[in-house]
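Below is one structure, written out as structure tokens; comments come after it.
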Amino acid sequence: MTARILEGKVFAQAFREDAQKKAAALQEKYGVQPGLAVIIVGSNPASQVYVRNKHKSCEALGIYSEVIEMPETTTKDELIAKIDALNADVKIHGILVQLPLPEQIAAHESEILERIRPEKDVDGFHPVNVGRLVTGEPGLVPCTPFGCLRMLELAGIPIDGQRAVIIGRSNIVGKPMLHLLLGKNATVTICHSHTKDLPAITREADILVAAVGRPKFVTADMVKPGATVIDVGINRIAPKKLVGDVDFESVKEVAGAITPVPGGVGLLTVAMLMENVVRAAEMQLQA
Ligand code: NAP
């Protein structure tokens, strides 16, 4: 059996169309264009590419976008003052601070990110939004796991009552994924580097999510025949070669559905950010 390939571009396009429609509806109902501000501190080349992509995506979907470039030498207080100004700016519904931060302020990352008003926290990292996710209240959810959940739903993959196993317990992927799947009535197990006999657990999964950060970590013998395998990993193994956390070639022969890398989950993140900006605007306008 060869698995159904869940192509990221198909789902990302659906999310973008959804965000565009909702942005147009807000414009019509309230005369308001959803707005995103991205702050980039310093000149990290990879960060500059990510920020440009976010800006272009906004422009294509009718979302107002501001990129605020601050010098490498920016202090914590200067960055916080900028966040405060954006918190008060009615044109801006979502604020994102591009990570990583330069060395001199990196140690204050939590304090800086927590300064963003929870209603404008489109990364979904603020403790208030984390709390809302855990308690099942509406809030903003980190883009990558939210994109994975929406992809499963759009692909028609059953979640309710299914066994889901997540490898990885990071705050940006593993833990939010746990709460999203639990919220959809899956029975969820989360594994990490101290987990004993990992393959025995992963073989029970109807839905297996790999967010480990280790190239080709999940092999065919760890996968139940017919399972859906979501590969969140992005590992650069050579200058122009990216692989996921799943050994795609062998696992696709066992799984029922699988996301490729590249071309899978990676494409969902910016599309979900657009959805989060529109959701943030909806929540602020309806409050
Ligand atoms: P992370 O913070 O490094 O977390 C990795 C997790 O994997 C940790 O919980 C760790 O366990 C666990 N782990 C490591 N080795 C293990 C082992 N041998 N057995 C079982 N568990 C093990 O990584 P992350 O930020 O969640 O990212 C994971 C991957 O997703 C990376 O490749 C990253 O580049 C990618 N990613 C992609 C996107 C996207 O847009 N597609 C977004 C975010 C991340 P401990 O907690 O015990 O250390």
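Going by the structure tokens order, chains are called A, B, ..., each with residues numbered from 1, while ligands are numbered from 1 in the order shown.
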
Practice problem: Name all residues at most 6 Å from Ala211 (chain A) (count only C-alpha atoms; drop same-chain ones fewer than 2 positions away) and give them as a list in words. | Solution: Ile167, Gly168, Val232 and Gly233 of chain A

Exercise. Excluding Arg150 (chain A) and any residue of its chain fewer than 4 positions from it, enumerate the residues within 12 Å of it, using only C-alpha atoms, and give them as a list in words.
Key: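 Non-adjacent residues within range: Gly8, Phe11, Ala12, Ala14, Phe15, Asp18, Val141, Cys143, Thr144, Pro145, Phe146, Leu154, Ala155, Gly156, Ile157, Pro158, Ile159, Met177, Leu180, Leu181, Lys184, Val265, Leu268, Thr269, Ala271, Met272 and Glu275 of chain A.
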
Practice problem: For ligand 1, collect every residue having any atom at a distance of at most 10 Å from a ligand atom (counting only C-alpha atoms and all ligand atoms); output as an MDAnalysis selection string. | Solution: chainID A and resid 142:145 147:148 166:175 190:199 210:215 217:218 231:236 242:245 261:270

Self-check item: Atom pair CA of Ala227 (chain A) / CA of Gln13 (chain A): separation (Å)
Solution: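 Atom-to-atom, CA of Ala227 (chain A) and CA of Gln13 (chain A) are spaced 24.6 Å apart.
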
Quiz prompt | Residue with smallest distance to Val51 (chain A) - pool A:Ala25, A:Leu99, A:Leu6, A:Ala287, counting only C-alpha atoms | solution =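 For Val51 (chain A), the nearest of the given residues is A:Leu99.
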